[in-house]
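Asks: This is upload.csv, which holds CSV, C-alpha atoms:
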chain,number,residue,atom,x,y,z
A,131,MET,CA,39.5,68.1,54.6
A,132,SER,CA,42.8,67.2,53.0
A,133,ASP,CA,41.6,63.8,51.7
A,134,LEU,CA,39.1,65.4,49.3
A,135,PRO,CA,39.8,64.7,45.6
A,136,SER,CA,40.9,67.4,43.2
A,137,THR,CA,38.1,66.7,40.7
A,138,TYR,CA,34.7,65.2,40.6
A,139,GLN,CA,32.1,64.1,38.1
A,140,GLU,CA,28.7,65.6,37.2
A,141,VAL,CA,26.0,64.9,34.5
A,142,ARG,CA,25.5,67.7,32.0
A,143,LEU,CA,23.0,68.3,29.2
A,144,ALA,CA,24.8,67.6,25.9
A,145,ALA,CA,21.8,68.3,23.6
A,146,ARG,CA,18.2,69.3,24.1
A,147,PRO,CA,16.0,66.3,23.1
A,148,ASP,CA,13.3,66.6,20.5
A,149,GLY,CA,10.9,64.2,22.1
A,150,LEU,CA,11.9,61.7,24.8
A,151,PRO,CA,15.5,62.0,26.0
A,152,ALA,CA,18.1,59.3,25.3
A,153,PRO,CA,21.5,58.6,26.8
A,154,TRP,CA,23.4,60.6,24.1
A,155,HIS,CA,21.6,63.8,25.3
A,156,PHE,CA,23.8,63.7,28.4
A,157,THR,CA,27.5,63.6,29.1
A,158,ILE,CA,29.6,62.9,32.2
A,159,ALA,CA,32.0,65.7,32.8
A,160,GLU,CA,35.0,65.8,35.1
A,161,VAL,CA,35.4,69.2,36.8
A,162,PRO,CA,37.7,70.7,39.4
A,163,LEU,CA,36.6,70.6,43.0
A,164,PRO,CA,36.1,74.1,44.5
A,165,GLY,CA,39.0,75.2,46.5
A,166,PRO,CA,38.9,75.8,50.3
A,167,LEU,CA,36.1,78.2,51.2
A,168,PRO,CA,37.5,81.5,52.5
A,169,GLY,CA,37.0,81.9,56.2
A,170,PRO,CA,35.0,85.2,56.1
A,171,VAL,CA,32.6,84.1,53.3
A,172,ALA,CA,29.4,83.0,54.8
A,173,GLY,CA,26.4,81.4,53.0
A,174,GLN,CA,28.0,78.5,51.1
A,175,VAL,CA,28.9,74.9,52.1
A,176,LEU,CA,30.5,72.1,50.1
A,177,VAL,CA,28.5,68.9,50.1
A,178,ARG,CA,29.6,65.4,49.2
A,179,ASN,CA,26.5,64.0,47.6
A,180,ARG,CA,25.6,60.5,48.6
A,181,TYR,CA,22.3,60.0,46.8
A,182,PHE,CA,20.1,61.9,44.3
A,183,ARG,CA,16.6,61.1,43.0
A,184,VAL,CA,15.8,60.5,39.4
A,185,THR,CA,12.4,61.7,38.2
A,186,ALA,CA,10.6,62.0,34.9
A,187,SER,CA,9.9,65.7,35.6
A,188,LEU,CA,13.5,66.4,34.5
A,189,ARG,CA,12.1,66.3,31.0
A,190,MET,CA,10.4,69.7,31.6
A,191,MET,CA,13.8,71.2,32.4
A,192,ILE,CA,15.7,70.0,29.4
A,193,SER,CA,13.3,70.0,26.4
A,194,GLN,CA,13.1,72.5,23.6
A,195,GLY,CA,11.4,75.8,24.8
A,196,ALA,CA,11.6,75.0,28.5
A,197,GLU,CA,12.5,78.6,29.4
A,198,LYS,CA,9.3,79.9,27.8
A,199,VAL,CA,6.9,78.1,30.1
A,200,GLN,CA,5.6,80.0,33.1
A,201,GLY,CA,4.6,78.4,36.4
A,202,VAL,CA,6.8,75.3,36.2
A,203,PRO,CA,8.7,74.9,39.4
A,204,PHE,CA,11.9,73.7,37.7
A,205,PRO,CA,14.6,75.9,36.1
A,206,ALA,CA,15.1,75.5,32.4
A,207,LEU,CA,18.5,74.0,31.5
A,208,GLN,CA,20.7,75.0,28.6
A,209,VAL,CA,23.1,72.8,26.7
A,210,GLY,CA,26.2,72.5,28.9
A,211,ASP,CA,24.3,73.0,32.2
A,212,THR,CA,24.6,70.5,35.0
A,213,LEU,CA,21.4,68.6,35.7
A,214,ALA,CA,19.6,69.2,39.0
A,215,GLY,CA,17.4,67.4,41.4
A,216,GLU,CA,16.9,66.6,45.0
A,217,ALA,CA,19.9,65.1,46.7
A,218,ILE,CA,21.2,64.0,50.1
A,219,GLY,CA,24.8,64.5,51.2
A,220,VAL,CA,27.3,65.2,53.9
A,221,ILE,CA,28.9,68.6,54.5
A,222,VAL,CA,32.6,68.4,54.0
A,223,ARG,CA,33.5,72.1,54.2
A,224,ALA,CA,31.7,75.0,55.9
A,225,PRO,CA,32.9,78.6,56.6
A,226,ALA,CA,33.5,79.9,60.0
A,227,GLY,CA,30.3,80.9,61.8
A,228,SER,CA,28.0,78.7,59.6
A,229,ALA,CA,25.0,77.2,61.3
A,230,LEU,CA,25.9,74.0,59.4
A,231,ARG,CA,28.8,71.9,60.4
A,232,VAL,CA,31.2,69.4,58.7
A,233,GLY,CA,29.5,66.0,59.0
A,234,ASP,CA,25.9,67.3,58.9
A,235,LEU,CA,23.6,65.3,56.7
A,236,VAL,CA,21.6,67.7,54.5
A,237,SER,CA,19.2,67.7,51.6
A,238,HIS,CA,19.3,70.2,48.7
A,239,PHE,CA,18.5,70.4,45.0
A,240,LEU,CA,21.9,70.2,43.4
A,241,GLY,CA,22.0,66.5,42.6
A,242,TRP,CA,23.4,64.9,39.5
A,243,ARG,CA,27.0,65.7,40.7
A,244,GLU,CA,29.3,64.1,43.2
A,245,TYR,CA,30.0,67.3,45.0
A,246,ALA,CA,27.9,70.5,45.2
A,247,LEU,CA,28.7,74.0,46.4
A,248,VAL,CA,25.3,75.0,47.9
A,249,ASN,CA,24.0,78.1,49.4
A,250,GLU,CA,23.5,77.5,53.1
A,251,ALA,CA,19.9,78.7,53.0
A,252,ALA,CA,19.2,76.0,50.3
A,253,CYS,CA,20.2,73.2,52.6
A,254,THR,CA,18.0,71.4,55.0
A,255,ARG,CA,19.7,69.6,57.9
A,256,LEU,CA,18.3,66.1,58.2
A,257,GLU,CA,17.8,64.8,61.7
A,258,PRO,CA,18.4,61.1,62.3
A,259,THR,CA,14.7,60.3,62.5
A,260,LEU,CA,14.0,58.0,59.6
A,261,PRO,CA,15.8,54.6,59.8
A,262,ASP,CA,17.2,55.1,56.3
A,263,PRO,CA,18.3,58.5,55.1
A,264,VAL,CA,17.4,57.6,51.5
A,265,ALA,CA,13.7,57.6,52.6
A,266,HIS,CA,13.9,61.4,52.6
A,267,LEU,CA,14.1,61.2,48.8
A,268,GLY,CA,10.8,59.4,48.6
A,269,ARG,CA,7.6,61.2,47.4
A,270,GLY,CA,5.5,60.1,50.3
A,271,GLU,CA,5.2,63.7,51.5
A,272,THR,CA,3.5,64.7,48.2
A,273,ALA,CA,1.1,61.8,48.5
A,274,TYR,CA,0.4,62.4,52.2
A,275,ALA,CA,-0.2,66.2,51.7
A,276,ALA,CA,-2.5,65.5,48.7
A,277,LEU,CA,-4.6,62.9,50.7
A,278,THR,CA,-4.8,65.0,53.8
A,279,ARG,CA,-4.9,68.6,52.5
A,280,GLY,CA,-5.8,68.3,48.8
A,281,VAL,CA,-8.7,66.0,49.6
A,282,ASN,CA,-9.9,64.3,52.7
A,283,ILE,CA,-10.4,60.6,52.8
A,284,ILE,CA,-13.6,59.4,54.5
A,285,PRO,CA,-13.4,56.0,56.1
A,286,GLY,CA,-14.6,53.4,53.6
A,287,ASP,CA,-13.9,55.5,50.5
A,288,THR,CA,-13.0,53.7,47.3
A,289,VAL,CA,-9.7,55.4,46.1
A,290,PHE,CA,-8.1,55.2,42.7
A,291,ILE,CA,-4.4,56.1,42.4
A,292,SER,CA,-3.0,56.6,38.8
A,293,ALA,CA,0.6,55.4,38.3
A,294,GLY,CA,0.4,53.3,41.4
A,295,GLY,CA,3.9,52.1,40.9
A,296,SER,CA,5.5,55.5,40.6
A,297,ALA,CA,7.5,57.3,43.3
A,298,ILE,CA,4.3,59.1,44.4
A,299,GLY,CA,1.8,56.3,43.7
A,300,SER,CA,3.7,53.6,45.4
A,301,MET,CA,3.3,55.6,48.6
A,302,ALA,CA,-0.1,57.0,48.0
A,303,GLY,CA,-1.9,53.6,47.9
A,304,GLN,CA,-0.4,52.7,51.3
A,305,ILE,CA,-1.2,56.1,52.8
A,306,ALA,CA,-4.8,56.0,51.5
A,307,ARG,CA,-5.3,52.7,53.3
A,308,LEU,CA,-3.7,54.0,56.5
A,309,LEU,CA,-6.0,57.0,56.4
A,310,GLY,CA,-9.1,54.8,56.3
A,311,ALA,CA,-9.8,54.0,52.6
A,312,GLY,CA,-11.9,50.9,52.3
A,313,TYR,CA,-10.8,49.8,48.8
A,314,VAL,CA,-7.7,51.0,46.8
A,315,ILE,CA,-7.1,50.6,43.1
A,316,GLY,CA,-3.9,51.5,41.3
A,317,SER,CA,-3.0,51.7,37.7
A,318,ALA,CA,0.1,49.9,36.5
A,319,VAL,CA,2.3,49.8,33.3
A,320,SER,CA,2.1,46.1,33.0
A,321,PRO,CA,0.4,43.0,34.4
A,322,GLY,CA,3.6,42.2,36.3
A,323,GLN,CA,3.7,45.5,38.0
A,324,GLY,CA,0.0,45.3,38.7
A,325,GLU,CA,0.6,42.0,40.6
A,326,ARG,CA,3.3,43.7,42.6
A,327,LEU,CA,1.0,46.6,43.6
A,328,VAL,CA,-1.4,44.0,45.1
A,329,ARG,CA,1.2,41.7,46.6
A,330,GLU,CA,3.8,44.2,47.9
A,331,LEU,CA,1.9,47.4,48.4
A,332,GLY,CA,-1.5,46.3,49.6
A,333,TYR,CA,-3.6,47.5,46.7
A,334,ASP,CA,-6.9,45.7,46.3
A,335,ALA,CA,-6.9,45.8,42.5
A,336,ALA,CA,-4.9,47.1,39.6
A,337,VAL,CA,-5.9,48.3,36.2
A,338,ILE,CA,-3.3,48.0,33.4
A,339,ARG,CA,-2.6,50.7,30.8
A,340,ASP,CA,-1.9,49.9,27.1
A,341,VAL,CA,-3.7,46.6,27.0
A,342,ASP,CA,-6.6,45.5,24.8
A,343,GLU,CA,-9.3,46.1,27.4
A,344,PRO,CA,-10.0,49.8,27.7
A,345,LEU,CA,-9.1,51.4,31.0
A,346,GLU,CA,-12.6,52.6,31.6
A,347,GLU,CA,-13.9,49.0,31.4
A,348,GLN,CA,-11.2,47.7,33.7
A,349,LEU,CA,-12.0,50.4,36.2
A,350,ALA,CA,-15.7,49.7,36.0
A,351,LYS,CA,-15.0,46.1,36.9
A,352,ALA,CA,-12.6,46.9,39.7
A,353,ALA,CA,-15.0,49.5,41.2
A,354,PRO,CA,-18.5,48.6,40.1
A,355,ASP,CA,-20.0,51.0,42.6
A,356,GLY,CA,-17.7,53.8,41.5
A,357,ILE,CA,-14.8,55.7,43.0
A,358,ASP,CA,-14.9,58.4,45.7
A,359,VAL,CA,-11.4,59.7,45.6
A,360,PHE,CA,-8.9,60.0,42.7
A,361,GLN,CA,-5.3,60.9,43.3
A,362,ASP,CA,-3.9,61.6,39.8
A,363,ASN,CA,-0.3,61.5,38.8
A,364,VAL,CA,-0.9,60.9,35.1
A,365,GLY,CA,-3.8,62.8,33.5
A,366,GLY,CA,-4.8,61.7,30.0
A,367,ASP,CA,-6.9,58.7,29.5
A,368,GLN,CA,-6.6,57.8,33.2
A,369,LEU,CA,-8.2,61.1,34.2
A,370,ARG,CA,-11.0,60.5,31.7
A,371,ALA,CA,-11.6,56.9,33.0
A,372,ALA,CA,-11.8,58.3,36.5
A,373,VAL,CA,-14.4,60.8,35.5
A,374,ALA,CA,-16.5,58.0,34.0
A,375,ALA,CA,-16.1,55.9,37.2
A,376,ALA,CA,-16.7,58.7,39.7
A,377,ARG,CA,-19.6,58.6,42.1
A,378,GLU,CA,-21.6,61.6,42.9
A,379,GLY,CA,-19.5,64.1,44.9
A,380,ALA,CA,-16.2,62.4,44.1
A,381,ARG,CA,-13.0,64.3,45.0
A,382,PHE,CA,-10.1,64.5,42.5
A,383,VAL,CA,-6.7,65.8,43.5
A,384,LEU,CA,-4.2,66.2,40.6
A,385,THR,CA,-0.5,66.0,41.5
A,386,GLY,CA,1.2,65.1,38.3
A,387,ALA,CA,0.8,64.8,34.5
A,388,LEU,CA,3.0,61.9,33.5
A,389,SER,CA,0.9,61.4,30.3
A,390,GLY,CA,2.5,64.5,29.0
A,391,GLN,CA,5.9,64.2,30.6
A,392,LEU,CA,6.3,60.7,29.1
A,393,SER,CA,4.7,61.3,25.7
A,394,PRO,CA,7.2,60.8,22.8
A,395,ASP,CA,5.6,63.8,21.1
A,396,GLY,CA,5.8,67.4,22.3
A,397,THR,CA,7.8,68.9,25.1
A,398,GLY,CA,6.6,67.1,28.2
A,399,ARG,CA,5.0,70.3,29.6
A,400,THR,CA,1.4,69.8,28.3
A,401,ALA,CA,-1.0,66.9,29.0
A,402,PRO,CA,-4.1,67.5,26.9
A,403,VAL,CA,-7.2,65.4,27.5
A,404,GLU,CA,-10.8,65.5,26.4
A,405,LEU,CA,-13.2,65.2,29.4
A,406,ASP,CA,-17.0,64.9,29.5
A,407,SER,CA,-17.9,68.1,31.4
A,408,PHE,CA,-21.5,66.9,31.6
A,409,GLN,CA,-20.4,64.1,33.9
A,410,ILE,CA,-18.3,66.5,35.9
A,411,LEU,CA,-21.3,68.7,36.3
A,412,THR,CA,-24.0,66.1,37.0
A,413,LYS,CA,-21.8,64.0,39.4
A,414,ARG,CA,-20.6,67.2,41.1
A,415,ILE,CA,-17.0,66.1,40.9
A,416,ILE,CA,-14.6,68.3,42.8
A,417,MET,CA,-11.3,68.6,40.9
A,418,ARG,CA,-8.2,70.3,42.3
A,419,GLY,CA,-4.6,70.8,41.1
A,420,TYR,CA,-2.3,70.4,44.0
A,421,SER,CA,1.3,70.7,45.1
A,422,ALA,CA,2.7,69.8,48.5
A,423,ASP,CA,4.4,73.2,48.5
A,424,ASP,CA,0.9,74.6,49.1
A,425,ASP,CA,1.0,73.2,52.7
A,426,PRO,CA,4.5,73.4,54.1
A,427,ASP,CA,3.1,72.5,57.5
A,428,ALA,CA,2.6,69.0,56.2
A,429,HIS,CA,6.3,68.2,56.2
A,430,ALA,CA,7.0,67.8,59.9
A,431,GLU,CA,3.7,65.9,60.3
A,432,TRP,CA,4.6,63.6,57.4
A,433,ILE,CA,8.1,62.8,58.7
A,434,GLN,CA,6.7,61.9,62.2
A,435,ARG,CA,4.0,59.6,60.7
A,436,PHE,CA,6.3,58.1,58.2
A,437,ASP,CA,8.8,57.3,60.9
A,438,ASP,CA,6.1,55.7,63.0
A,439,TRP,CA,4.6,53.7,60.1
A,440,LEU,CA,8.1,52.5,59.0
A,441,ARG,CA,9.1,51.3,62.4
A,442,SER,CA,5.7,49.6,63.0
A,443,GLY,CA,5.8,47.9,59.6
A,444,ASP,CA,2.6,49.5,58.5
A,445,ILE,CA,4.3,51.0,55.5
A,446,VAL,CA,7.2,50.2,53.2
A,447,PHE,CA,9.3,52.5,51.1
A,448,PRO,CA,9.6,51.0,47.6
A,449,HIS,CA,12.8,52.2,45.9
A,450,VAL,CA,15.6,51.1,43.6
A,451,ARG,CA,19.3,52.2,44.1
A,452,VAL,CA,21.4,52.6,41.0
A,453,ARG,CA,25.1,52.6,41.8
A,454,GLY,CA,27.4,55.2,40.2
A,455,ILE,CA,26.9,58.6,38.5
A,456,ASP,CA,27.8,57.1,35.2
A,457,GLN,CA,24.6,55.1,35.4
A,458,ALA,CA,22.4,58.1,36.1
A,459,PRO,CA,21.4,58.8,32.4
A,460,ASN,CA,20.4,55.1,32.0
A,461,ALA,CA,18.4,55.4,35.3
A,462,LEU,CA,16.5,58.3,33.8
A,463,MET,CA,15.6,56.2,30.7
A,464,GLN,CA,14.4,53.4,33.0
A,465,VAL,CA,12.2,55.8,35.0
A,466,ILE,CA,10.6,57.0,31.8
A,467,GLU,CA,10.0,53.5,30.6
A,468,GLY,CA,8.4,52.6,34.0
A,469,ARG,CA,10.7,49.7,34.6
A,470,HIS,CA,11.0,50.2,38.4
A,471,LEU,CA,8.6,50.2,41.3
A,472,GLY,CA,8.8,53.3,43.5
A,473,THR,CA,11.5,55.9,43.8
A,474,VAL,CA,14.7,55.6,41.8
A,475,VAL,CA,17.9,56.8,43.5
A,476,VAL,CA,21.4,57.1,42.3
A,477,GLU,CA,23.9,56.1,45.0
A,478,LEU,CA,27.3,57.7,44.8
Please express what this file holds, its structure, as structure tokens.

Replies:
Amino acid sequence: MSDLPSTYQEVRLAARPDGLPAPWHFTIAEVPLPGPLPGPVAGQVLVRNRYFRVTASLRMMISQGAEKVQGVPFPALQVGDTLAGEAIGVIVRAPAGSALRVGDLVSHFLGWREYALVNEAACTRLEPTLPDPVAHLGRGETAYAALTRGVNIIPGDTVFISAGGSAIGSMAGQIARLLGAGYVIGSAVSPGQGERLVRELGYDAAVIRDVDEPLEEQLAKAAPDGIDVFQDNVGGDQLRAAVAAAREGARFVLTGALSGQLSPDGTGRTAPVELDSFQILTKRIIMRGYSADDDPDAHAEWIQRFDDWLRSGDIVFPHVRVRGIDQAPNALMQVIEGRHLGTVVVEL
């Protein structure tokens, strides 16, 4: 395509943060666009990114000592590296014989840049199923898999979702209701966000972190008979409060550890918490760490149900679009501060 620019912009790590990242830990670099792909070379396509997701989990990739941690599904980044994350874009160059074609809409994990040279095997072609392609960047699949594979919701269950306004939590509360939950509680970062959980996302109640009333007391008021299911995106004191509120046989599925990722201390890769193991034992609480990668079969099922629920109006996709790659570092700060409801996406 002759109308492609000669250069493009990408966000690079300027310095590894000691604690929470700040805008000066990143830089916007202008780099040459890769030249035309040689005809006989298969396996790579050039993608014009249109959107990429901003998540707090990026902290695990950029902090001091990131390369020393085993089991984290994110590559450690060195100073000067381009940031990475899930993106959606359009193929603008493809070699002869490629299964992908110019104009195909694809997802991949080389976000934080306007153009990306991506291995063909790392691209997923997106069919025009969802009414808005940005919805593919939502975290509903994680919530859906956790609430259908990680645990099973029994009709009438009381369900507690930590970080109810996060990318995962903003979908999890709605999904829990659609799966038969009788009462859904979410945690929020502020009273204002708590009101939005109830008003916009159908939560029955919200508990608020970092206020004078302890979380355990708030949860006891919101669920006086206890909780049956806990979908945890946070850990920390919210996990401890859930143990205190659990009914006998409660099922916990842990999908995130924001208490560690958003802590100003440490590296963001640990989330220590003191739990009363006697309560876990006597209440026979089932607790499981879970990733949607554990059940790849959930993807197609989720896309179909998500499409049906969106078109019927049974579910909404809360998200915020931030325009321009130069705003991406600030968007990351806003995600860490919990300023937005739902998924945060940079639009290019």

Asks: With only C-alpha atoms as the counted atoms, please give the residues lying no more than 8 Å from range 446-455 of chain A, apart from itself and same-chain residues fewer than 4 positions off, as a list in words.

Replies: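 So, after excluding close chain neighbours, the residues are Gln139, Glu140, Val141, Trp242, Arg243, Glu244, Ala265, Gly268, Ala297, Ser300, Met301, Leu331, Leu440, Ala461, His470, Leu471, Gly472, Thr473, Val474, Val475, Val476, Glu477 and Leu478 of chain A.
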
Asks: Which residue gives the smallest distance to Val209 in chain A among A:Thr272, A:Ser193, A:Gln368, A:Gln434, with all atoms listed in the file counted?

Replies: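 Once distances to Val209 in chain A are computed over all atoms listed in the file, the minimum belongs to A:Ser193.
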
Asks: Taking into account all atoms listed in the file, which residue in the set A:Asn179, A:Ala293, A:Ile283, A:Leu260 is nearest to Val236 in chain A?

Replies: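 Closest to Val236 in chain A of all the choices is A:Asn179.
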
Asks: Quick check, in Å to one decimal: how far apart do CA of Ala206 in chain A and CA of Arg142 in chain A lie?

Replies: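 A separation of 13.0 Å between them.
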
Asks: Which distance in Å separates CA of Glu404 in chain A and CA of Met463 in chain A, to one decimal?

Replies: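 Spanning CA of Glu404 in chain A to CA of Met463 in chain A is a straight-line distance of 28.3 Å.
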
Asks: Calculated over only C-alpha atoms, which of the candidates A:Val281, A:Val341, A:Leu349, A:Ile305 has the smallest distance to Ser320 in chain A?

Replies: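 For Ser320 in chain A, the nearest of the candidates is A:Val341.
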
Asks: Can you tell me how far CA of Ala144 in chain A sits from CA of Ala458 in chain A, in Å to one decimal?

Replies: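 Result for CA of Ala144 in chain A versus CA of Ala458 in chain A: 14.1 Å, one decimal.
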
Asks: Would you mind telling me which residue in A:Leu134, A:Ala380, A:Ile192, A:Leu345 lies nearest to Arg178 in chain A when using all atoms listed in the file?

Replies: A:Leu134

Asks: Within 10 Å of (21.5, 79.6, 60.5), all atoms listed in the file: residues as a list in words?

Replies: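 The residues near that point, listed by chain and number, are Gly173, Gly227, Ser228, Ala229, Leu230, Glu250 and Ala251 of chain A.
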
Asks: Could you name the residues that touch Val264 in chain A at 9 Å or less, counting all atoms listed in the file, but leaving out those on the same chain fewer than 6 positions away, as a PyMOL selection string?

Replies: chain A and resi 181-182+218+475

Asks: Within 12 Å of Gly332 in chain A, counting only C-alpha atoms, which residues qualify if same-chain residues fewer than 3 places away don't, as JSON, numbers by chain?

Replies: {"A": [294, 295, 300, 301, 302, 303, 304, 305, 306, 307, 308, 311, 312, 313, 314, 315, 316, 324, 325, 326, 327, 328, 329, 335, 336, 444, 445, 446]}

Asks: Between A:Leu411, A:Leu213, A:Ile416, A:Ala372, which is the closest to Ile357 in chain A once you count all atoms listed in the file?

Replies: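 Smallest distance to Ile357 in chain A is found for A:Ala372.
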
Asks: Taking N, CA and C atoms as the atom set, what does range 326-348 of chain A look like once completed, written as a compact mmCIF listing (two decimals), keeping the file's coordinate frame?

Replies:
# COMPACT_ATOMS: atom_id res chain seq x y z
N ARG A 326 2.47 43.24 41.52
CA ARG A 326 3.30 43.70 42.60
C ARG A 326 2.57 44.78 43.46
N LEU A 327 1.75 45.59 42.80
CA LEU A 327 1.00 46.60 43.60
C LEU A 327 0.10 45.86 44.61
N VAL A 328 -0.51 44.78 44.20
CA VAL A 328 -1.40 44.00 45.10
C VAL A 328 -0.59 43.26 46.14
N ARG A 329 0.44 42.57 45.66
CA ARG A 329 1.20 41.70 46.60
C ARG A 329 2.09 42.43 47.53
N GLU A 330 2.75 43.49 47.07
CA GLU A 330 3.80 44.20 47.90
C GLU A 330 3.27 45.44 48.55
N LEU A 331 2.30 46.11 47.94
CA LEU A 331 1.90 47.40 48.40
C LEU A 331 0.50 47.48 48.98
N GLY A 332 -0.20 46.36 48.98
CA GLY A 332 -1.50 46.30 49.60
C GLY A 332 -2.65 46.87 48.81
N TYR A 333 -2.46 47.13 47.51
CA TYR A 333 -3.60 47.50 46.70
C TYR A 333 -4.59 46.37 46.60
N ASP A 334 -5.85 46.71 46.49
CA ASP A 334 -6.90 45.70 46.30
C ASP A 334 -7.02 45.22 44.91
N ALA A 335 -6.73 46.09 43.96
CA ALA A 335 -6.90 45.80 42.50
C ALA A 335 -5.97 46.68 41.74
N ALA A 336 -5.67 46.24 40.52
CA ALA A 336 -4.90 47.10 39.60
C ALA A 336 -5.51 47.06 38.24
N VAL A 337 -5.47 48.21 37.58
CA VAL A 337 -5.90 48.30 36.20
C VAL A 337 -4.59 48.56 35.37
N ILE A 338 -4.55 48.04 34.16
CA ILE A 338 -3.30 48.00 33.40
C ILE A 338 -3.48 48.91 32.15
N ARG A 339 -2.53 49.80 31.95
CA ARG A 339 -2.60 50.70 30.80
C ARG A 339 -2.06 49.94 29.55
N ASP A 340 -2.43 50.40 28.40
CA ASP A 340 -1.90 49.90 27.10
C ASP A 340 -2.13 48.42 26.91
N VAL A 341 -3.31 47.94 27.29
CA VAL A 341 -3.70 46.60 27.00
C VAL A 341 -4.98 46.64 26.15
N ASP A 342 -5.43 45.47 25.66
CA ASP A 342 -6.60 45.50 24.80
C ASP A 342 -7.85 45.97 25.43
N GLU A 343 -8.04 45.64 26.70
CA GLU A 343 -9.30 46.10 27.40
C GLU A 343 -9.15 47.53 27.78
N PRO A 344 -10.09 48.36 27.34
CA PRO A 344 -10.00 49.80 27.70
C PRO A 344 -9.96 50.02 29.18
N LEU A 345 -9.26 51.09 29.56
CA LEU A 345 -9.10 51.40 31.00
C LEU A 345 -10.42 51.64 31.67
N GLU A 346 -11.34 52.30 30.98
CA GLU A 346 -12.60 52.60 31.60
C GLU A 346 -13.37 51.26 31.95
N GLU A 347 -13.26 50.26 31.08
CA GLU A 347 -13.90 49.00 31.40
C GLU A 347 -13.23 48.27 32.52
N GLN A 348 -11.89 48.33 32.58
CA GLN A 348 -11.20 47.70 33.70
C GLN A 348 -11.57 48.37 35.02
